[in-house]
Amino acid sequence: MRLYRQATSLLSGSDNADQLLENAVNRNVHNAQPHRVGKLYDEYRALVTESNTHRSMLNDVSKKMATVAKTRSKAADFQSEMTKLREQAKQSKQTIQTIKDKLHDVEERLRYEAAKIPNLSHPDTPVGDESKARVVCVNGNLHTTDRVPLDDSGKLSDVEFQDHYDLALKLGIVDMEAGAKVAGSRFHYWRGAGALLELALVQYAMTRAVAAGFTPHITPDAARSSIIDACGFRPRSHSEEEQLGSEAKHVGEASQIYRMSPVAEESSKEHAADPLCLVATAEIPLVAMKQKQILDSTVLPMRLAGLSHCFRAEAGARGRDTRGIYRLHQFTKVELVTLAHPNNSESELFRLVEFQKSLFADLGLTFRVLQMPTFELGASAYQKFDIEAWMPGRKSWGEISSASNCTDYQARRLGIRVRTDGGSNSTMFVHTLNATAVAVPRLVVALLESFQRPDGHVVIPTVLRPWMMGMEALVPYK
């Protein structure tokens, strides 16, 4: 019930339903039906009340049967009375079962419809598609250069920037062909210095995160479908699609989630009801760690850093975004999650963004911070900032990170509360925030293209060298 209680808690009147509908349309979600959710919830509550009434009647009949049985010797019409009571009990049980079946159907519809309602949007969020993103700041000036620097002095060569994949192949640090043979397209192997570079980026991000007060975790790479759904990533099972019929074809963009199918569990009821999925980000297992808990206010803000592999179907990706390692089905990422008191979540979001900016500035990248518009918020974000690095080989900005305040969207679904000052029994839902510290492939793209030299070498940022076994540059593979 937790999933649609979040939506129905906002549906105290038709005006609120209108507001939720307008908000959904502004976020490019055209299949949300808040008014229908309200009606379904009213229907659900009426059925629960009716069920409880018949259960009470059944209990009364059972008590009468016990009383009649005790006074058997005094009741001349004992058999007639017992027959009548058994018939009443039978009818009540049949009615309760009928109501139970109706409840199941309404609950499934209610769950499905409520899940389509996105979080509210921050009033300062631009309305529209990606073109409406607001540039907050720009760090660096590589985007003003069209030739490869000779060195750190700023002097330029006559050589044009190469694409990251051409560089990676010449450096011998990635093997996409082997990845495709083993796992399919857009899977890869890191090789040699490429493997070290991934490990260096992870160590760099984790070391900085711990110094900033985040507790490090290595999370599961899998989570139950219900957990992923609660975090706003909308996996759908085959049974759900079959049950919902044609409606399932109109739920917006395709799910990016991979579902796991362990051979030994394919026929188990548990697997069918709530199957395991591969996580798209460590945000999912980090937030879910605290599900169904009431936290003491003294532990907030709770700052967590998680290392995981991330799996994304990337349905609909095409063109140059699919070249090389820019957009992969599997990659390594260090994610930051904060559980905050509702009064402090906005300041926590800006704290996360400042931390991200310090990471990328110390790597020496040219980047910009964007306040993302409503179309780009997904289901859970109330407010979101993206960070894009200038990628001179691609001759464009490319996303390397994001930070979002999800307010109580995930906490309501997962049952994460904090005690308030109103007393031991007074609680409220926490706010959850997430931010990417390092998404390895995207950062490698930015590093290769930004720090290439005319001779094909790629300079390794100073902050990564402690984990690069003495290497100061990547050199062409021989």
# chains A, B, ... in the order shown; residues from 1 in each chain; ligands from 1
>>> closest_atom_pairs(of="stretch 83-115 of chain A", to="stretch 19-34 of chain A", cutoff="10 Å", atoms="only C-alpha atoms", output="JSON lines")
{"residue": "A:Tyr112", "atom": "CA", "partner": "A:Ala32", "partner_atom": "CA", "distance": 9.9}
{"residue": "A:Glu113", "atom": "CA", "partner": "A:Gln33", "partner_atom": "CA", "distance": 6.7}
{"residue": "A:Ala114", "atom": "CA", "partner": "A:Pro34", "partner_atom": "CA", "distance": 7.4}
{"residue": "A:Ala115", "atom": "CA", "partner": "A:Ala32", "partner_atom": "CA", "distance": 8.5}
>>> closest_atom_pairs(of="stretch 404-462 of chain A", to="stretch 321-345 of chain A", cutoff="10 Å", atoms="only C-alpha atoms", output="Markdown table")
| residue | atom | partner | partner_atom | distance |
| --- | --- | --- | --- | --- |
| A:Ser404 | CA | A:Val337 | CA | 9.6 |
| A:Asn405 | CA | A:Ser345 | CA | 7.0 |
| A:Cys406 | CA | A:Ser345 | CA | 9.0 |
| A:Thr407 | CA | A:Pro342 | CA | 7.1 |
| A:Asp408 | CA | A:Pro342 | CA | 8.0 |
| A:Ala411 | CA | A:Leu339 | CA | 9.1 |
| A:Ile416 | CA | A:Leu339 | CA | 9.3 |
| A:Arg417 | CA | A:His341 | CA | 9.5 |
| A:Val418 | CA | A:His341 | CA | 7.7 |
| A:Arg419 | CA | A:His341 | CA | 9.9 |
| A:Thr420 | CA | A:His341 | CA | 9.4 |
| A:Met428 | CA | A:Pro342 | CA | 8.5 |
| A:Phe429 | CA | A:Pro342 | CA | 7.8 |
| A:Val430 | CA | A:His341 | CA | 5.5 |
| A:His431 | CA | A:Ala340 | CA | 5.2 |
| A:Thr432 | CA | A:Leu339 | CA | 4.7 |
| A:Leu433 | CA | A:Thr338 | CA | 5.1 |
| A:Asn434 | CA | A:Val337 | CA | 4.4 |
| A:Ala435 | CA | A:Leu336 | CA | 5.0 |
| A:Thr436 | CA | A:Glu335 | CA | 4.7 |
| A:Ala437 | CA | A:Val334 | CA | 5.5 |
| A:Val438 | CA | A:Val334 | CA | 5.1 |
| A:Ala439 | CA | A:Lys333 | CA | 4.4 |
| A:Val440 | CA | A:Thr332 | CA | 5.7 |
| A:Pro441 | CA | A:Ile325 | CA | 5.9 |
| A:Arg442 | CA | A:Tyr326 | CA | 5.7 |
| A:Leu443 | CA | A:Tyr326 | CA | 9.2 |
| A:Val444 | CA | A:Ile325 | CA | 8.5 |
| A:Val445 | CA | A:Tyr326 | CA | 6.7 |
| A:Ala446 | CA | A:Tyr326 | CA | 9.6 |
>>> select_by_dssp(residues="stretch 161-202 of chain A", states="strand (DSSP E or B)", output="compact mmCIF listing (two decimals) with N, CA, C and O atoms, in the first residue's frame")
# COMPACT_ATOMS: atom_id res chain seq x y z
N VAL A 174 41.21 -0.29 -23.97
CA VAL A 174 39.85 -0.82 -23.95
C VAL A 174 39.69 -1.81 -25.11
O VAL A 174 40.30 -1.64 -26.17
N ASP A 175 38.89 -2.84 -24.88
CA ASP A 175 38.64 -3.85 -25.92
C ASP A 175 37.13 -4.04 -26.04
O ASP A 175 36.52 -4.78 -25.26
N TYR A 189 35.90 -4.50 -22.15
CA TYR A 189 36.97 -4.85 -21.23
C TYR A 189 37.88 -3.64 -21.05
O TYR A 189 38.26 -3.00 -22.04
N TRP A 190 38.22 -3.30 -19.82
CA TRP A 190 39.35 -2.40 -19.59
C TRP A 190 40.61 -3.25 -19.68
O TRP A 190 40.65 -4.38 -19.19
>>> residues_around(residues="stretch 377-394 of chain A", least_positions_apart="6", cutoff="7 Å", atoms="only C-alpha atoms", output="JSON, numbers by chain")
{"A": [118, 119, 120, 121, 122, 125, 143, 161, 162, 163, 164, 232, 365, 366, 367, 368, 369, 370, 371, 400, 401, 402, 403, 404, 405, 406, 407, 409, 446, 449, 450]}
>>> write_last_selection(atoms="N, CA and C atoms", output="PDB file, in the first residue's frame")
ATOM      1  N   PRO A 118       4.620  11.448 -11.020  1.00  0.00           N
ATOM      2  CA  PRO A 118       5.982  11.819 -10.611  1.00  0.00           C
ATOM      3  C   PRO A 118       5.967  12.733  -9.397  1.00  0.00           C
ATOM      4  N   ASN A 119       7.142  12.938  -8.848  1.00  0.00           N
ATOM      5  CA  ASN A 119       7.300  13.877  -7.739  1.00  0.00           C
ATOM      6  C   ASN A 119       6.921  15.282  -8.193  1.00  0.00           C
ATOM      7  N   LEU A 120       6.647  16.154  -7.252  1.00  0.00           N
ATOM      8  CA  LEU A 120       6.450  17.568  -7.571  1.00  0.00           C
ATOM      9  C   LEU A 120       7.774  18.185  -8.012  1.00  0.00           C
ATOM     10  N   SER A 121       7.723  19.341  -8.616  1.00  0.00           N
ATOM     11  CA  SER A 121       8.922  20.016  -9.131  1.00  0.00           C
ATOM     12  C   SER A 121       9.201  21.285  -8.338  1.00  0.00           C
ATOM     13  N   HIS A 122      10.469  21.565  -8.136  1.00  0.00           N
ATOM     14  CA  HIS A 122      10.869  22.801  -7.457  1.00  0.00           C
ATOM     15  C   HIS A 122      10.360  24.003  -8.263  1.00  0.00           C
ATOM     16  N   THR A 125      12.485  25.373 -11.071  1.00  0.00           N
ATOM     17  CA  THR A 125      12.888  24.496 -12.171  1.00  0.00           C
ATOM     18  C   THR A 125      12.341  25.010 -13.501  1.00  0.00           C
ATOM     19  N   HIS A 143      36.799  24.702 -23.878  1.00  0.00           N
ATOM     20  CA  HIS A 143      35.761  24.784 -24.912  1.00  0.00           C
ATOM     21  C   HIS A 143      36.007  25.923 -25.892  1.00  0.00           C
ATOM     22  N   PHE A 161      41.815  17.797 -32.258  1.00  0.00           N
ATOM     23  CA  PHE A 161      41.484  16.830 -31.216  1.00  0.00           C
ATOM     24  C   PHE A 161      40.956  15.532 -31.824  1.00  0.00           C
ATOM     25  N   GLN A 162      41.396  14.420 -31.240  1.00  0.00           N
ATOM     26  CA  GLN A 162      40.891  13.120 -31.659  1.00  0.00           C
ATOM     27  C   GLN A 162      39.718  12.696 -30.774  1.00  0.00           C
ATOM     28  N   ASP A 163      38.882  11.856 -31.326  1.00  0.00           N
ATOM     29  CA  ASP A 163      37.772  11.254 -30.598  1.00  0.00           C
ATOM     30  C   ASP A 163      38.315  10.279 -29.542  1.00  0.00           C
ATOM     31  N   HIS A 164      37.603  10.153 -28.425  1.00  0.00           N
ATOM     32  CA  HIS A 164      38.084   9.316 -27.321  1.00  0.00           C
ATOM     33  C   HIS A 164      38.313   7.868 -27.735  1.00  0.00           C
ATOM     34  N   GLY A 232      11.850   4.733  -7.987  1.00  0.00           N
ATOM     35  CA  GLY A 232      11.410   5.525  -9.138  1.00  0.00           C
ATOM     36  C   GLY A 232      11.950   5.083 -10.476  1.00  0.00           C
ATOM     37  N   LEU A 365      39.330  19.357 -15.403  1.00  0.00           N
ATOM     38  CA  LEU A 365      38.378  19.353 -16.517  1.00  0.00           C
ATOM     39  C   LEU A 365      37.719  20.714 -16.695  1.00  0.00           C
ATOM     40  N   THR A 366      37.336  20.987 -17.922  1.00  0.00           N
ATOM     41  CA  THR A 366      36.453  22.108 -18.199  1.00  0.00           C
ATOM     42  C   THR A 366      35.027  21.583 -18.118  1.00  0.00           C
ATOM     43  N   PHE A 367      34.199  22.193 -17.265  1.00  0.00           N
ATOM     44  CA  PHE A 367      32.850  21.679 -17.074  1.00  0.00           C
ATOM     45  C   PHE A 367      31.892  22.820 -16.796  1.00  0.00           C
ATOM     46  N   ARG A 368      30.618  22.499 -16.923  1.00  0.00           N
ATOM     47  CA  ARG A 368      29.580  23.474 -16.588  1.00  0.00           C
ATOM     48  C   ARG A 368      28.495  22.786 -15.766  1.00  0.00           C
ATOM     49  N   VAL A 369      27.827  23.576 -14.923  1.00  0.00           N
ATOM     50  CA  VAL A 369      26.726  23.088 -14.097  1.00  0.00           C
ATOM     51  C   VAL A 369      25.422  23.609 -14.687  1.00  0.00           C
ATOM     52  N   LEU A 370      24.465  22.715 -14.869  1.00  0.00           N
ATOM     53  CA  LEU A 370      23.171  23.072 -15.437  1.00  0.00           C
ATOM     54  C   LEU A 370      22.049  22.773 -14.443  1.00  0.00           C
ATOM     55  N   GLN A 371      21.119  23.692 -14.329  1.00  0.00           N
ATOM     56  CA  GLN A 371      19.883  23.387 -13.607  1.00  0.00           C
ATOM     57  C   GLN A 371      18.931  22.779 -14.622  1.00  0.00           C
ATOM     58  N   ILE A 400      28.602  14.145 -17.254  1.00  0.00           N
ATOM     59  CA  ILE A 400      29.473  13.273 -16.464  1.00  0.00           C
ATOM     60  C   ILE A 400      28.925  13.038 -15.064  1.00  0.00           C
ATOM     61  N   SER A 401      27.907  13.808 -14.678  1.00  0.00           N
ATOM     62  CA  SER A 401      27.427  13.692 -13.304  1.00  0.00           C
ATOM     63  C   SER A 401      26.086  14.394 -13.163  1.00  0.00           C
ATOM     64  N   SER A 402      25.369  14.046 -12.093  1.00  0.00           N
ATOM     65  CA  SER A 402      24.129  14.756 -11.767  1.00  0.00           C
ATOM     66  C   SER A 402      23.920  14.702 -10.264  1.00  0.00           C
ATOM     67  N   ALA A 403      23.072  15.569  -9.772  1.00  0.00           N
ATOM     68  CA  ALA A 403      22.721  15.604  -8.352  1.00  0.00           C
ATOM     69  C   ALA A 403      21.243  15.948  -8.237  1.00  0.00           C
ATOM     70  N   SER A 404      20.520  15.200  -7.411  1.00  0.00           N
ATOM     71  CA  SER A 404      19.071  15.383  -7.309  1.00  0.00           C
ATOM     72  C   SER A 404      18.604  15.379  -5.862  1.00  0.00           C
ATOM     73  N   ASN A 405      17.589  16.190  -5.604  1.00  0.00           N
ATOM     74  CA  ASN A 405      16.848  16.137  -4.350  1.00  0.00           C
ATOM     75  C   ASN A 405      15.517  15.458  -4.652  1.00  0.00           C
ATOM     76  N   CYS A 406      15.301  14.294  -4.068  1.00  0.00           N
ATOM     77  CA  CYS A 406      14.073  13.533  -4.320  1.00  0.00           C
ATOM     78  C   CYS A 406      13.013  13.786  -3.257  1.00  0.00           C
ATOM     79  N   THR A 407      13.263  14.731  -2.367  1.00  0.00           N
ATOM     80  CA  THR A 407      12.392  15.020  -1.222  1.00  0.00           C
ATOM     81  C   THR A 407      11.932  13.691  -0.581  1.00  0.00           C
ATOM     82  N   TYR A 409       9.871  11.431  -1.906  1.00  0.00           N
ATOM     83  CA  TYR A 409       9.322  10.513  -2.917  1.00  0.00           C
ATOM     84  C   TYR A 409       9.737   9.063  -2.654  1.00  0.00           C
ATOM     85  N   ALA A 446      36.112  12.116 -21.046  1.00  0.00           N
ATOM     86  CA  ALA A 446      36.509  13.512 -20.833  1.00  0.00           C
ATOM     87  C   ALA A 446      38.011  13.640 -20.619  1.00  0.00           C
ATOM     88  N   GLU A 449      40.025  12.946 -24.008  1.00  0.00           N
ATOM     89  CA  GLU A 449      39.901  14.017 -25.006  1.00  0.00           C
ATOM     90  C   GLU A 449      40.483  15.331 -24.508  1.00  0.00           C
ATOM     91  N   SER A 450      40.439  15.568 -23.205  1.00  0.00           N
ATOM     92  CA  SER A 450      40.906  16.849 -22.659  1.00  0.00           C
ATOM     93  C   SER A 450      42.419  16.912 -22.530  1.00  0.00           C
TER      94      SER A 450
END
>>> atom_distance(atom1="atom CA of A:Val68", atom2="atom CA of A:Thr49")
28.8 Å
>>> select_by_dssp(residues="stretch 127-261 of chain A", states="alpha helix (DSSP H)", output="PyMOL selection string")
chain A and resi 164-171+176-183+193-211+225-230+238-244
>>> atom_distance(atom1="atom CA of A:Ala280", atom2="atom CA of A:Ser225")
11.9 Å
